[in-house]
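Asks: I'm passing along model_11.cif; it holds mmCIF, C-alpha atoms.
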data_model
#
loop_
_atom_site.group_PDB
_atom_site.id
_atom_site.type_symbol
_atom_site.label_atom_id
_atom_site.label_comp_id
_atom_site.auth_asym_id
_atom_site.auth_seq_id
_atom_site.Cartn_x
_atom_site.Cartn_y
_atom_site.Cartn_z
ATOM 1 C CA PHE A 1 -15.709 13.435 -8.981
ATOM 2 C CA PRO A 2 -15.501 10.880 -6.181
ATOM 3 C CA ILE A 3 -18.548 10.143 -4.110
ATOM 4 C CA PHE A 4 -17.790 9.492 -0.447
ATOM 5 C CA PHE A 5 -20.140 7.330 1.562
ATOM 6 C CA THR A 6 -20.584 7.291 5.315
ATOM 7 C CA TYR A 7 -19.182 3.772 5.628
ATOM 8 C CA GLN A 8 -15.951 4.849 3.895
ATOM 9 C CA TYR A 9 -15.598 7.772 6.299
ATOM 10 C CA GLU A 10 -16.252 5.456 9.259
ATOM 11 C CA TYR A 11 -13.758 2.923 7.902
ATOM 12 C CA PHE A 12 -10.966 5.530 7.830
ATOM 13 C CA HIS A 13 -11.733 6.441 11.440
ATOM 14 C CA TYR A 14 -11.797 2.765 12.417
ATOM 15 C CA LEU A 15 -8.392 2.248 10.780
ATOM 16 C CA GLU A 16 -7.009 5.313 12.544
ATOM 17 C CA MET A 17 -8.181 3.929 15.901
ATOM 18 C CA CYS A 18 -6.598 0.557 15.095
ATOM 19 C CA GLU A 19 -3.319 2.285 14.209
ATOM 20 C CA LEU A 20 -3.299 4.269 17.469
ATOM 21 C CA LEU A 21 -4.173 1.185 19.540
ATOM 22 C CA LYS A 22 -1.724 -1.018 17.598
ATOM 23 C CA LYS A 23 -4.502 -3.381 16.504
ATOM 24 C CA ASP A 24 -5.156 -5.137 13.202
ATOM 25 C CA SER A 25 -8.327 -4.858 11.159
ATOM 26 C CA GLY A 26 -10.140 -6.907 8.579
ATOM 27 C CA LEU A 27 -12.940 -6.136 6.167
ATOM 28 C CA LEU A 28 -15.426 -8.257 4.262
ATOM 29 C CA LYS A 29 -17.386 -6.263 1.714
ATOM 30 C CA SER A 30 -19.026 -6.395 -1.655
ATOM 31 C CA ARG A 31 -17.086 -5.745 -4.851
ATOM 32 C CA GLY A 32 -16.946 -2.472 -6.724
ATOM 33 C CA ILE A 33 -17.467 0.035 -3.909
ATOM 34 C CA GLY A 34 -14.097 1.811 -4.018
ATOM 35 C CA PHE A 35 -12.093 -0.027 -1.404
ATOM 36 C CA SER A 36 -9.234 -0.923 -3.732
ATOM 37 C CA GLU A 37 -8.615 2.828 -4.106
ATOM 38 C CA ILE A 38 -8.781 3.165 -0.322
ATOM 39 C CA GLY A 39 -6.301 0.289 -0.036
ATOM 40 C CA ALA A 40 -3.976 2.030 -2.488
ATOM 41 C CA VAL A 41 -4.169 5.239 -0.448
ATOM 42 C CA LEU A 42 -3.384 3.296 2.725
ATOM 43 C CA CYS A 43 -0.223 2.019 1.042
ATOM 44 C CA ALA A 44 0.885 5.252 -0.639
ATOM 45 C CA ARG A 45 0.379 7.635 2.287
ATOM 46 C CA PRO A 46 2.962 6.163 4.696
ATOM 47 C CA PHE A 47 5.415 5.722 1.810
ATOM 48 C CA ILE A 48 5.342 9.502 1.410
ATOM 49 C CA THR A 49 4.984 10.644 5.019
ATOM 50 C CA THR A 50 6.868 8.182 7.263
ATOM 51 C CA LYS A 51 10.551 7.300 7.051
ATOM 52 C CA PHE A 52 11.480 3.609 6.877
ATOM 53 C CA PHE A 53 7.811 2.481 6.744
ATOM 54 C CA ARG A 54 7.416 -0.911 5.047
ATOM 55 C CA VAL A 55 4.188 -1.800 3.272
ATOM 56 C CA VAL A 56 3.406 -5.186 1.765
ATOM 57 C CA ALA A 57 0.459 -5.372 -0.621
ATOM 58 C CA SER A 58 -0.558 -8.897 -1.479
ATOM 59 C CA ALA A 59 -3.200 -10.773 -3.405
ATOM 60 C CA TYR A 60 -3.933 -14.384 -4.251
ATOM 61 C CA SER A 61 -2.829 -14.086 -7.875
ATOM 62 C CA GLU A 62 -0.870 -11.801 -10.155
ATOM 63 C CA ARG A 63 -4.136 -10.996 -11.946
ATOM 64 C CA HIS A 64 -5.449 -9.443 -8.705
ATOM 65 C CA LEU A 65 -2.178 -7.917 -7.475
ATOM 66 C CA LYS A 66 -1.291 -5.984 -10.657
ATOM 67 C CA PRO A 67 -4.360 -3.688 -10.594
ATOM 68 C CA LEU A 68 -3.762 -2.830 -6.934
ATOM 69 C CA LEU A 69 -0.091 -2.037 -7.499
ATOM 70 C CA SER A 70 -1.002 -0.039 -10.602
ATOM 71 C CA LYS A 71 -3.284 2.149 -8.464
ATOM 72 C CA ILE A 72 -0.531 2.641 -5.877
ATOM 73 C CA TRP A 73 2.107 3.497 -8.510
ATOM 74 C CA THR A 74 -0.319 5.922 -10.203
ATOM 75 C CA GLN A 75 -0.854 7.742 -6.898
ATOM 76 C CA LEU A 76 2.891 7.931 -6.234
ATOM 77 C CA SER A 77 3.531 9.155 -9.779
ATOM 78 C CA TYR A 78 0.927 11.884 -9.356
ATOM 79 C CA LEU A 79 2.457 13.009 -6.047
ATOM 80 C CA ASN A 80 5.930 13.060 -7.609
ATOM 81 C CA SER A 81 4.908 15.119 -10.629
ATOM 82 C CA GLU A 82 2.075 17.376 -9.470
ATOM 83 C CA THR A 83 2.951 18.585 -5.950
ATOM 84 C CA ASP A 84 5.975 20.793 -6.738
ATOM 85 C CA GLY A 85 8.251 18.343 -4.942
ATOM 86 C CA ALA A 86 6.383 18.541 -1.614
ATOM 87 C CA PHE A 87 5.500 14.829 -1.701
ATOM 88 C CA LYS A 88 8.194 13.622 -4.096
ATOM 89 C CA ARG A 89 10.068 10.434 -3.273
ATOM 90 C CA VAL A 90 12.726 9.240 -5.691
ATOM 91 C CA THR A 91 13.218 5.492 -6.034
ATOM 92 C CA MET A 92 16.794 5.015 -7.202
ATOM 93 C CA MET A 93 17.803 1.750 -5.484
ATOM 94 C CA ILE A 94 14.671 -0.368 -5.944
ATOM 95 C CA ASN A 95 12.162 0.606 -8.617
ATOM 96 C CA THR A 96 10.427 -2.407 -10.185
ATOM 97 C CA ASN A 97 6.835 -3.286 -11.011
ATOM 98 C CA LEU A 98 6.578 -5.201 -7.716
ATOM 99 C CA HIS A 99 8.820 -3.238 -5.344
ATOM 100 C CA LYS A 100 9.763 0.396 -4.786
ATOM 101 C CA ARG A 101 11.926 1.990 -2.097
ATOM 102 C CA ALA A 102 12.272 5.723 -1.508
ATOM 103 C CA SER A 103 16.039 6.045 -1.818
ATOM 104 C CA LYS A 104 18.866 7.998 -3.378
ATOM 105 C CA LYS A 105 22.147 6.668 -4.767
ATOM 106 C CA ASN A 106 25.569 7.999 -3.944
ATOM 107 C CA LYS A 107 28.052 8.534 -6.781
ATOM 108 C CA ASP A 108 29.543 5.114 -6.065
ATOM 109 C CA GLY A 109 26.125 3.416 -6.478
ATOM 110 C CA THR A 110 25.446 2.722 -2.805
ATOM 111 C CA GLU A 111 22.331 3.926 -1.043
ATOM 112 C CA ALA A 112 22.646 7.379 0.509
ATOM 113 C CA THR A 113 22.356 7.533 4.297
ATOM 114 C CA ASP A 114 19.854 10.410 4.066
ATOM 115 C CA SER A 115 17.401 8.299 2.009
ATOM 116 C CA HIS A 116 13.775 8.262 3.111
ATOM 117 C CA GLY A 117 13.837 4.454 3.188
ATOM 118 C CA SER A 118 10.105 3.703 2.976
ATOM 119 C CA GLU A 119 9.119 0.873 0.692
ATOM 120 C CA ILE A 120 6.156 -0.841 -0.887
ATOM 121 C CA GLU A 121 6.411 -4.430 -2.049
ATOM 122 C CA GLY A 122 3.815 -6.475 -3.887
ATOM 123 C CA ILE A 123 3.718 -10.198 -3.121
ATOM 124 C CA ILE A 124 1.605 -12.862 -4.795
ATOM 125 C CA ALA A 125 0.361 -14.783 -1.762
ATOM 126 C CA ASP A 126 -1.067 -17.931 -3.307
ATOM 127 C CA SER A 127 0.156 -19.814 -0.249
ATOM 128 C CA PRO A 128 0.565 -18.557 3.345
ATOM 129 C CA GLU A 129 4.314 -19.259 3.324
ATOM 130 C CA LYS A 130 4.873 -16.466 0.804
ATOM 131 C CA ILE A 131 4.188 -13.739 3.385
ATOM 132 C CA ARG A 132 4.819 -15.627 6.586
ATOM 133 C CA GLY A 133 7.472 -13.994 8.739
ATOM 134 C CA ASP A 134 7.711 -10.885 6.543
ATOM 135 C CA ARG A 135 8.406 -7.843 8.735
ATOM 136 C CA THR A 136 6.164 -4.941 7.819
ATOM 137 C CA GLU A 137 4.353 -2.006 9.373
ATOM 138 C CA ARG A 138 1.345 -2.446 7.083
ATOM 139 C CA LEU A 139 0.124 -5.581 5.354
ATOM 140 C CA LEU A 140 -2.727 -5.218 2.891
ATOM 141 C CA ILE A 141 -4.210 -8.526 1.790
ATOM 142 C CA GLY A 142 -6.692 -8.266 -1.041
ATOM 143 C CA GLN A 143 -8.420 -10.832 -3.225
ATOM 144 C CA THR A 144 -7.660 -13.700 -0.900
ATOM 145 C CA GLY A 145 -9.015 -16.420 -3.156
ATOM 146 C CA LEU A 146 -11.766 -18.904 -2.573
ATOM 147 C CA ILE A 147 -12.833 -19.692 0.962
ATOM 148 C CA ALA A 148 -15.881 -21.886 1.491
ATOM 149 C CA GLY A 149 -16.921 -21.377 -2.108
ATOM 150 C CA SER A 150 -16.970 -17.582 -2.141
ATOM 151 C CA SER A 151 -14.400 -15.003 -3.134
ATOM 152 C CA LEU A 152 -13.122 -12.503 -0.546
ATOM 153 C CA SER A 153 -11.657 -9.149 -1.463
ATOM 154 C CA PHE A 154 -10.885 -5.753 0.030
#
For the file at hand, write its structure as structure tokens.

Replies:
Amino acid sequence: FPIFFTYQYEYFHYLEMCELLKKDSGLLKSRGIGFSEIGAVLCARPFITTKFFRVVASAYSERHLKPLLSKIWTQLSYLNSETDGAFKRVTMMINTNLHKRASKKNKDGTEATDSHGSEIEGIIADSPEKIRGDRTERLLIGQTGLIAGSSLSF
């Protein structure tokens, strides 16, 4: 069973305030305290609930990005299979290990106009140019690499 700590509760409220005020947030924290799961939730929730919401999840290396995306895909898979269709989002047009879009195909193979349209894309950001200029409603940057001799992560 998960154990919720006060700082996690406060962090969700802080993020909600930032969302309402249209502000960004950043977090420096120690490793192994559950924030990668929180990050995965922050990516999966708008994919399910908000049409045409674009999320980019990034990390410094593939070694750090794969576990994050795996957590996100596991959450989406659970919602698709265990909620009697209430939170199901099919991904017919784009469904790769790095990118998923909630969409349906028409018989001719084009994307249906009634598609949900939300997407999650994973990007290895080993240089700033890889995510520069990318239009997104949510950008999650984890495992940013070495800065001044120490490793930063979410």

Asks: So which residues are close to (-5.1, -12.0, -6.8), meaning at most 10 Å away in the file's coordinates with all atoms listed in the file counted, and can you show them as a VMD selection string?

Replies: chain A and resid 58 to 68 123 to 126 141 to 145 153

Asks: Once you have the residues from the selection above, write them out as an mmCIF file, in the coordinates of the input, restricted to C-alpha atoms.

Replies:
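As a result, again.cif now contains:
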data_model
loop_
_atom_site.group_PDB
_atom_site.id
_atom_site.type_symbol
_atom_site.label_atom_id
_atom_site.label_comp_id
_atom_site.auth_asym_id
_atom_site.auth_seq_id
_atom_site.Cartn_x
_atom_site.Cartn_y
_atom_site.Cartn_z
ATOM 1 C CA SER A 58 -0.558 -8.897 -1.479
ATOM 2 C CA ALA A 59 -3.200 -10.773 -3.405
ATOM 3 C CA TYR A 60 -3.933 -14.384 -4.251
ATOM 4 C CA SER A 61 -2.829 -14.086 -7.875
ATOM 5 C CA GLU A 62 -0.870 -11.801 -10.155
ATOM 6 C CA ARG A 63 -4.136 -10.996 -11.946
ATOM 7 C CA HIS A 64 -5.449 -9.443 -8.705
ATOM 8 C CA LEU A 65 -2.178 -7.917 -7.475
ATOM 9 C CA LYS A 66 -1.291 -5.984 -10.657
ATOM 10 C CA PRO A 67 -4.360 -3.688 -10.594
ATOM 11 C CA LEU A 68 -3.762 -2.830 -6.934
ATOM 12 C CA ILE A 123 3.718 -10.198 -3.121
ATOM 13 C CA ILE A 124 1.605 -12.862 -4.795
ATOM 14 C CA ALA A 125 0.361 -14.783 -1.762
ATOM 15 C CA ASP A 126 -1.067 -17.931 -3.307
ATOM 16 C CA ILE A 141 -4.210 -8.526 1.790
ATOM 17 C CA GLY A 142 -6.692 -8.266 -1.041
ATOM 18 C CA GLN A 143 -8.420 -10.832 -3.225
ATOM 19 C CA THR A 144 -7.660 -13.700 -0.900
ATOM 20 C CA GLY A 145 -9.015 -16.420 -3.156
ATOM 21 C CA SER A 153 -11.657 -9.149 -1.463
#

Asks: Enumerate, as a ChimeraX atom specification, the residues matched when the PyMOL selection byres ((chain A and resi 42) around 10) is run on the file above.

Replies: /A:12,15,36-41,43-47,55,72,138-140

Asks: Compare A:Met92, A:Ala86, A:Ile120, A:Val56 by their minimum atom-to-atom distance to A:Arg132, counting all atoms listed in the file, and give me the closest one.

Replies: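 Closest residue, counting all atoms listed in the file: A:Val56.
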
Asks: Please report the interatomic distance between atom CA of A:Glu119 and atom CA of A:Gly34 in Å with one decimal.

Replies: 23.7 Å

Asks: Mind giving me the straight-line distance from atom CA of A:Ser127 to atom CA of A:Asn97 in Å, one decimal?

Replies: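 Value for the atom CA of A:Ser127-atom CA of A:Asn97 distance: 20.8 Å.
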
Asks: Quick one: pull the distance between atom CA of A:Ser118 and atom CA of A:Gly85, Å, one decimal.

Replies: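 Taking atom CA of A:Ser118 and atom CA of A:Gly85, their separation equals 16.7 Å.
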
Asks: I need every residue sitting at most 6 Å from the point (2.7, -5.1, -5.3) (coordinates as in the file, only C-alpha atoms considered), written as a list of chain:residue names.

Replies: A:Ala57, A:Leu69, A:Leu98, A:Glu121, A:Gly122, A:Ile123

Asks: Considering only C-alpha atoms, can you say which of A:Ile33, A:Ile48, A:Val90, A:Met17 comes closest to A:Gln75?

Replies: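 Ranking A:Ile33, A:Ile48, A:Val90, A:Met17 by distance to A:Gln75, first place goes to A:Ile48.
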
Asks: For a quick check of understanding, using all atoms listed in the file, which of A:Asp108, A:Arg135, A:Arg89, A:Thr96 has the smallest distance to A:Lys51?

Replies: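 Among the listed residues, the smallest separation from A:Lys51 belongs to A:Arg89.
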
Asks: With only C-alpha atoms as the basis for distance, which of A:Ser25, A:Ser70, A:Thr6, A:Ser103 is at the shortest distance from A:Thr91?

Replies: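 Selected residue with least distance to A:Thr91: A:Ser103.
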
Asks: With all atoms of stretch 43-62 of chain A from the file as input, state the centre and edge lengths in Å to one decimal of the axis-aligned box that has 8 Å extra on each side, as AutoDock Vina command-line options.

Replies:
--center_x 3.8 --center_y -1.9 --center_z -1.4 --size_x 31.4 --size_y 41.0 --size_z 33.4

Asks: Please return stretch 66-79 of chain A, rebuilt to N, CA and C atoms, as a compact mmCIF listing (two decimals), in the coordinates of the input.

Replies:
# COMPACT_ATOMS: atom_id res chain seq x y z
N LYS A 66 -1.70 -7.03 -9.70
CA LYS A 66 -1.29 -5.98 -10.66
C LYS A 66 -2.19 -4.75 -10.64
N PRO A 67 -3.53 -4.90 -10.63
CA PRO A 67 -4.36 -3.69 -10.59
C PRO A 67 -4.17 -2.87 -9.31
N LEU A 68 -4.00 -3.55 -8.19
CA LEU A 68 -3.76 -2.83 -6.93
C LEU A 68 -2.45 -2.06 -6.99
N LEU A 69 -1.38 -2.73 -7.41
CA LEU A 69 -0.09 -2.04 -7.50
C LEU A 69 -0.14 -0.90 -8.51
N SER A 70 -0.87 -1.10 -9.61
CA SER A 70 -1.00 -0.04 -10.60
C SER A 70 -1.64 1.21 -9.99
N LYS A 71 -2.64 1.01 -9.14
CA LYS A 71 -3.28 2.15 -8.46
C LYS A 71 -2.31 2.84 -7.52
N ILE A 72 -1.51 2.06 -6.79
CA ILE A 72 -0.53 2.64 -5.88
C ILE A 72 0.51 3.43 -6.66
N TRP A 73 1.06 2.83 -7.73
CA TRP A 73 2.11 3.50 -8.51
C TRP A 73 1.56 4.77 -9.18
N THR A 74 0.30 4.73 -9.61
CA THR A 74 -0.32 5.92 -10.20
C THR A 74 -0.40 7.05 -9.18
N GLN A 75 -0.79 6.72 -7.95
CA GLN A 75 -0.85 7.74 -6.90
C GLN A 75 0.53 8.31 -6.61
N LEU A 76 1.53 7.45 -6.50
CA LEU A 76 2.89 7.93 -6.23
C LEU A 76 3.41 8.79 -7.39
N SER A 77 3.11 8.39 -8.62
CA SER A 77 3.53 9.15 -9.78
C SER A 77 2.89 10.54 -9.77
N TYR A 78 1.62 10.60 -9.44
CA TYR A 78 0.93 11.88 -9.36
C TYR A 78 1.58 12.77 -8.29
N LEU A 79 1.84 12.22 -7.12
CA LEU A 79 2.46 13.01 -6.05
C LEU A 79 3.85 13.48 -6.44
